[in-house]
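One structure below.
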Amino acid sequence: MKKSIRKFITSLMAVLITASSGLLSKDFSKVSFAEVTSNPVISQNCPAYSQTGMTSYANDEHYFSFWNSSGADYLAYDLSEVPTDQRKKVIVVWYNATGGFDSKVGNGGSNGIPSDYTIEVNSADGGAYPEDDWKVVETVKGNTLHSRQHVVDMDGYNWIRINITANDGNIGGNTSVNMDIHNVSDGISDSWIFYGDSITACGMMNCYGTGFAEFVNQIDDRYFPIQENGGIGGITSTHGAENIDRWLEMFKGKYVSVAYGTNDAWGNPSNTETYYKNTSYMVEKIIEAGKIPVIPKIPYATEQAVGDNVPAYNAMVEKIYENYPEVIKGPDFEKLFRENPDLLSADGVHPNDDGYATMRKLWAETMYEKVYQSENDVKSVDGDVNADGEFNVADLVMIQKWLLGNGTLTDWKAGDLNKDNVIDIFDLCMIRKMFVK
């Protein structure tokens with residue numbers, strides 16, 4: 001072993017040994033290792049309050065119904081009946097039915113989208129809406145997105161609300177949203193966003209037919225994913241690359257789908273390298289953000305201006321798969337629509353209603369196979385806490401940061417080398433021995 005690596009390990013061990021003993025161990029006896037942790041909805045049909053509108057429409061089982069309110073207003077949920085261990089940390093996610101994800105991009109507009117609001121919590125007992133003592137935990141100004149996620153520490157609190165002061169960029173205005181609260185007390189594992197063009201925008205809304213999350217739940221009722229639709233009509237991979245940094249800053253989840261290419265290919269057979277450059281840039285930014293990229297194949301089209309060019313663009317998708325092994329392969333939509341052209345609408349490019357439903361179902365089936373089942377069946381490599389398939393210095397750095405309270409472990413079980421459901425100094429000594437043998 002090189003002297004420099006030995007010196008690094010020795011220094012690392014010295015830092016960890018002198019750290020507070022409270023930071024040097026953690027009990028994992030109740031943790032599910034190396035698997036997708038369910039982030040279930042805990043707010044469905046809970047007591048809901050506002051000044052106006054049918055609040056029950058915001059959190060019933062139907063995403064085609066919305067809480068509609070006029071003027072400044074709040075939507076508050078009483079979660080006091082939810083067990084406290086299921087709401088220590090939550091994600092608040094609200095959805096609006098505007099077609100384009102971001103009104104700043106393309107030719108989009110907005111309709112009933114909260115633009116200025118706060119997320120607030122309250123420790124009052126449940127049963128009666130508390131007028132006072134709301135604590136602001138996040139403030140948003142100038143929002144242009146039709147859905148957002150917010151991580152909130154709810155330990156000690158029974159109530160949560162979104163308090164809206166402006167909509168569609170105007171003071172007051174109309175609000176139209178669904179809002180869910182998901183339990184993420186054991187980490188954010190089952191949260192998704194789907195960026196793309198009009199095919200994504202029309203197909204991945206959760207309020208039209210059976211949504212992605214509902215299809216996943218039908219396959220395995222342990223899961224009900226948090227799912228945002230990041231589609232915007234008429235845009236290309238260039239628009240995606242130009243905005244991915246800003247969008248990722250606001251996305252709190254784990255899985256990020258990038259599904260551009262139809263508009264890149266439309267009448268443009270020679271744009272494949274630009275498409276590859278843009279897509280690889282987005283993939284790299286997703287990985288840098290600590291999230292997992294997912295790329296599907298570009299759909300086949302009977303419209304020749306698109307369909308004739310799709311194979312060359314999907315060759316770039318294959319190149320992405322080859323050059324970025326971190327990418328999860330999404331559904332093969334070229335194969336789906338080539339074999340089932342009856343699922344396309346009259347324009348030969350966009351799916352019809354049955355086509356969109358089939359896409360959502362295929363998304364759920366493919367991700368269940370490649371993400372939920374694959375991660376649940378994965379075998380840990382001893383010491384490989386960053387889950388990249390090998391044990392090296394990068395794992396030591398991750399363990400150091402985590403034990404000192406500055407990071408997370410991708411695969412916690414891999415760090416528990418003596419299998420006592422605790423990561424402590426004894427595991428670190430074993431790790432050191434693995435390096436110097």
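Residue names in the structure tokens use chain letters A, B, ... in the order shown, residue numbers from 1 in each chain, and ligand numbers from 1 in the order shown.
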Q.
Which residues are near stretch 44-58 of chain A? Cut-off 7 Å, only C-alpha atoms, ignore same chain within fewer than 6 positions. Put them as a list in words.
A. Ser65, Phe66, Trp67, Asn68, Ser69, Asp73, Tyr74, Leu75, Ala76, Tyr77, Asp78, Leu79, Val177, Asn178 and Met179 of chain A
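Those residues in stretch 227-431 of chain A carrying a DSSP assignment of strand (DSSP E or B), computed from the backbone, are Gln227, Glu228, Asn229, Gly230, Gly231, Tyr255, Val256, Ser257, Val258, Ala259, Ile292, Pro293, Val294, Ile295, Pro296, Lys297, Ile328, Lys329, Gly330, Pro331, Asp332, Leu344, Pro351, Val422 and Ile423 of chain A.
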Q | Surrounding residues of stretch 339-347 of chain A excluding itself and chain neighbours under 2 positions, 10 Å, only C-alpha atoms, as a PyMOL selection string | A | chain A and resi 300-303+333-337+349-359
Q | Long-range neighbours of stretch 199-210 of chain A as JSON, numbers by chain, 8 Å cut-off, only C-alpha atoms, 6 positions minimum in chain | A | {"A": [62, 63, 64, 65, 97, 99, 100, 101, 227, 228, 229, 230, 231, 232, 233, 259, 350, 351, 356, 357, 359, 360]}
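Closest to A:Trp247 among A:Pro114, A:Asn167, A:Ala289, A:Lys277 is A:Ala289, based on only C-alpha atoms.
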**Q.** Of the listed residues A:Asp168, A:Glu249, A:Asp264, A:Asp395, that which approaches A:Ile113 most closely, counting only C-alpha atoms
**A.** A:Asp168
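Each of A:Gly415, A:Gly330, A:Tyr313, A:Val137 was checked against A:Lys370 using only C-alpha atoms; the smallest atom-to-atom distance is that of A:Gly330.
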Q. Using only C-alpha atoms, which residue out of A:Thr165, A:Thr175, A:Gln218, A:Ser185 lies closest to A:Lys361?
A. A:Gln218
Q. In stretch 57-151 of chain A, what's helix (DSSP H, G or I) per DSSP? Answer as a PyMOL selection string?
A. chain A and resi 57-58+84-86
Deliver the residues from the most recent selection as a file, using N, CA, C and O atoms, as a CSV table (one decimal), in the first residue's frame.
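To be explicit, this is the file written out as selection29.csv:
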```
chain,number,residue,atom,x,y,z
A,57,TYR,N,-61.0,18.3,-1.1
A,57,TYR,CA,-60.5,18.0,-2.5
A,57,TYR,C,-59.0,18.0,-2.5
A,57,TYR,O,-58.4,17.5,-3.5
A,58,ALA,N,-58.4,18.6,-1.6
A,58,ALA,CA,-56.9,18.8,-1.6
A,58,ALA,C,-56.2,17.5,-1.2
A,58,ALA,O,-55.1,17.2,-1.7
A,84,THR,N,-46.6,9.7,15.9
A,84,THR,CA,-45.5,10.7,15.9
A,84,THR,C,-44.2,10.2,15.2
A,84,THR,O,-43.5,10.9,14.6
A,85,ASP,N,-44.0,8.8,15.3
A,85,ASP,CA,-42.8,8.3,14.6
A,85,ASP,C,-42.9,8.3,13.1
A,85,ASP,O,-41.9,8.0,12.4
A,86,GLN,N,-44.1,8.5,12.6
A,86,GLN,CA,-44.4,8.6,11.2
A,86,GLN,C,-44.4,10.0,10.6
A,86,GLN,O,-44.6,10.2,9.4
```
Q: Would you kindly return, as a VMD selection string, each protein, DNA or RNA residue with an atom no farther than 9 Å from any atom of A:Thr139, considering only C-alpha atoms and excluding same-chain residues fewer than 4 positions away?
A: chain A and resid 116 to 120
Keeping only N, CA and C atoms, take the residues you just selected and write them out as a compact mmCIF listing (two decimals), in the first residue's frame.
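As written to disk, out26.txt reads:
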```txt
# COMPACT_ATOMS: atom_id res chain seq x y z
N ASP A 116 -46.10 33.16 -4.10
CA ASP A 116 -45.52 33.61 -2.83
C ASP A 116 -46.25 32.89 -1.70
N TYR A 117 -45.49 32.16 -0.88
CA TYR A 117 -46.13 31.42 0.20
C TYR A 117 -45.10 31.03 1.25
N THR A 118 -45.59 30.60 2.39
CA THR A 118 -44.75 30.05 3.43
C THR A 118 -45.27 28.66 3.81
N ILE A 119 -44.37 27.81 4.27
CA ILE A 119 -44.73 26.53 4.88
C ILE A 119 -44.57 26.72 6.39
N GLU A 120 -45.60 26.35 7.14
CA GLU A 120 -45.62 26.65 8.57
C GLU A 120 -46.08 25.43 9.38
```
Q: Name all residues at most 8 Å from A:Phe224 (count only C-alpha atoms; drop same-chain ones fewer than 6 positions away) and give them as a PyMOL selection string.
A: chain A and resi 38-41+190+213-214+216-217
Take the residues just selected and output them with N, CA and C atoms as a CSV table (one decimal), in the first residue's frame.
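So the final result, stored in again.csv, reads:
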```
chain,number,residue,atom,x,y,z
A,38,SER,N,-39.9,3.1,1.8
A,38,SER,CA,-41.2,3.7,1.5
A,38,SER,C,-41.3,5.1,2.1
A,39,ASN,N,-41.8,6.0,1.3
A,39,ASN,CA,-42.2,7.4,1.8
A,39,ASN,C,-43.7,7.6,1.7
A,40,PRO,N,-44.5,6.9,2.5
A,40,PRO,CA,-45.9,6.9,2.3
A,40,PRO,C,-46.6,8.2,2.5
A,41,VAL,N,-47.8,8.4,1.9
A,41,VAL,CA,-48.6,9.5,2.2
A,41,VAL,C,-49.3,9.3,3.5
A,190,ASP,N,-38.1,7.6,-2.0
A,190,ASP,CA,-39.1,7.3,-3.0
A,190,ASP,C,-39.7,8.6,-3.6
A,213,ALA,N,-47.5,7.1,-9.6
A,213,ALA,CA,-47.4,6.7,-8.2
A,213,ALA,C,-48.5,5.6,-7.9
A,214,GLU,N,-49.7,5.8,-8.5
A,214,GLU,CA,-50.8,4.9,-8.3
A,214,GLU,C,-50.5,3.6,-9.0
A,216,VAL,N,-47.5,2.3,-9.4
A,216,VAL,CA,-46.5,1.6,-8.5
A,216,VAL,C,-47.2,1.0,-7.3
A,217,ASN,N,-48.2,1.8,-6.8
A,217,ASN,CA,-48.9,1.3,-5.6
A,217,ASN,C,-49.7,0.0,-5.9
```
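The space separating atom CA of A:Lys254 from atom CA of A:Val381 comes to 21.9 Å.
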Q.
Please list as a list in words every residue within 7 Å of A:Asp153, counting only C-alpha atoms and excluding residues in the same chain fewer than 6 positions away.
A. Lys88, Lys89 and Val90 of chain A
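Computed from the coordinates, the atom CA of A:Ile219 to atom CA of A:Arg87 distance equals 25.0 Å.
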Q | Å distance separating atom CA of A:Met282 from atom CA of A:Val258, one decimal place | A | 7.8 Å
Q. With only C-alpha atoms as the basis for distance, which of A:Arg222, A:Arg148, A:Lys297, A:Lys135 is at the shortest distance from A:Tyr260?
A. A:Lys297
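With distances restricted to only C-alpha atoms, A:Glu242 is the closest residue to A:Gly106 from A:Glu242, A:Gly211, A:Trp134, A:Ala364.
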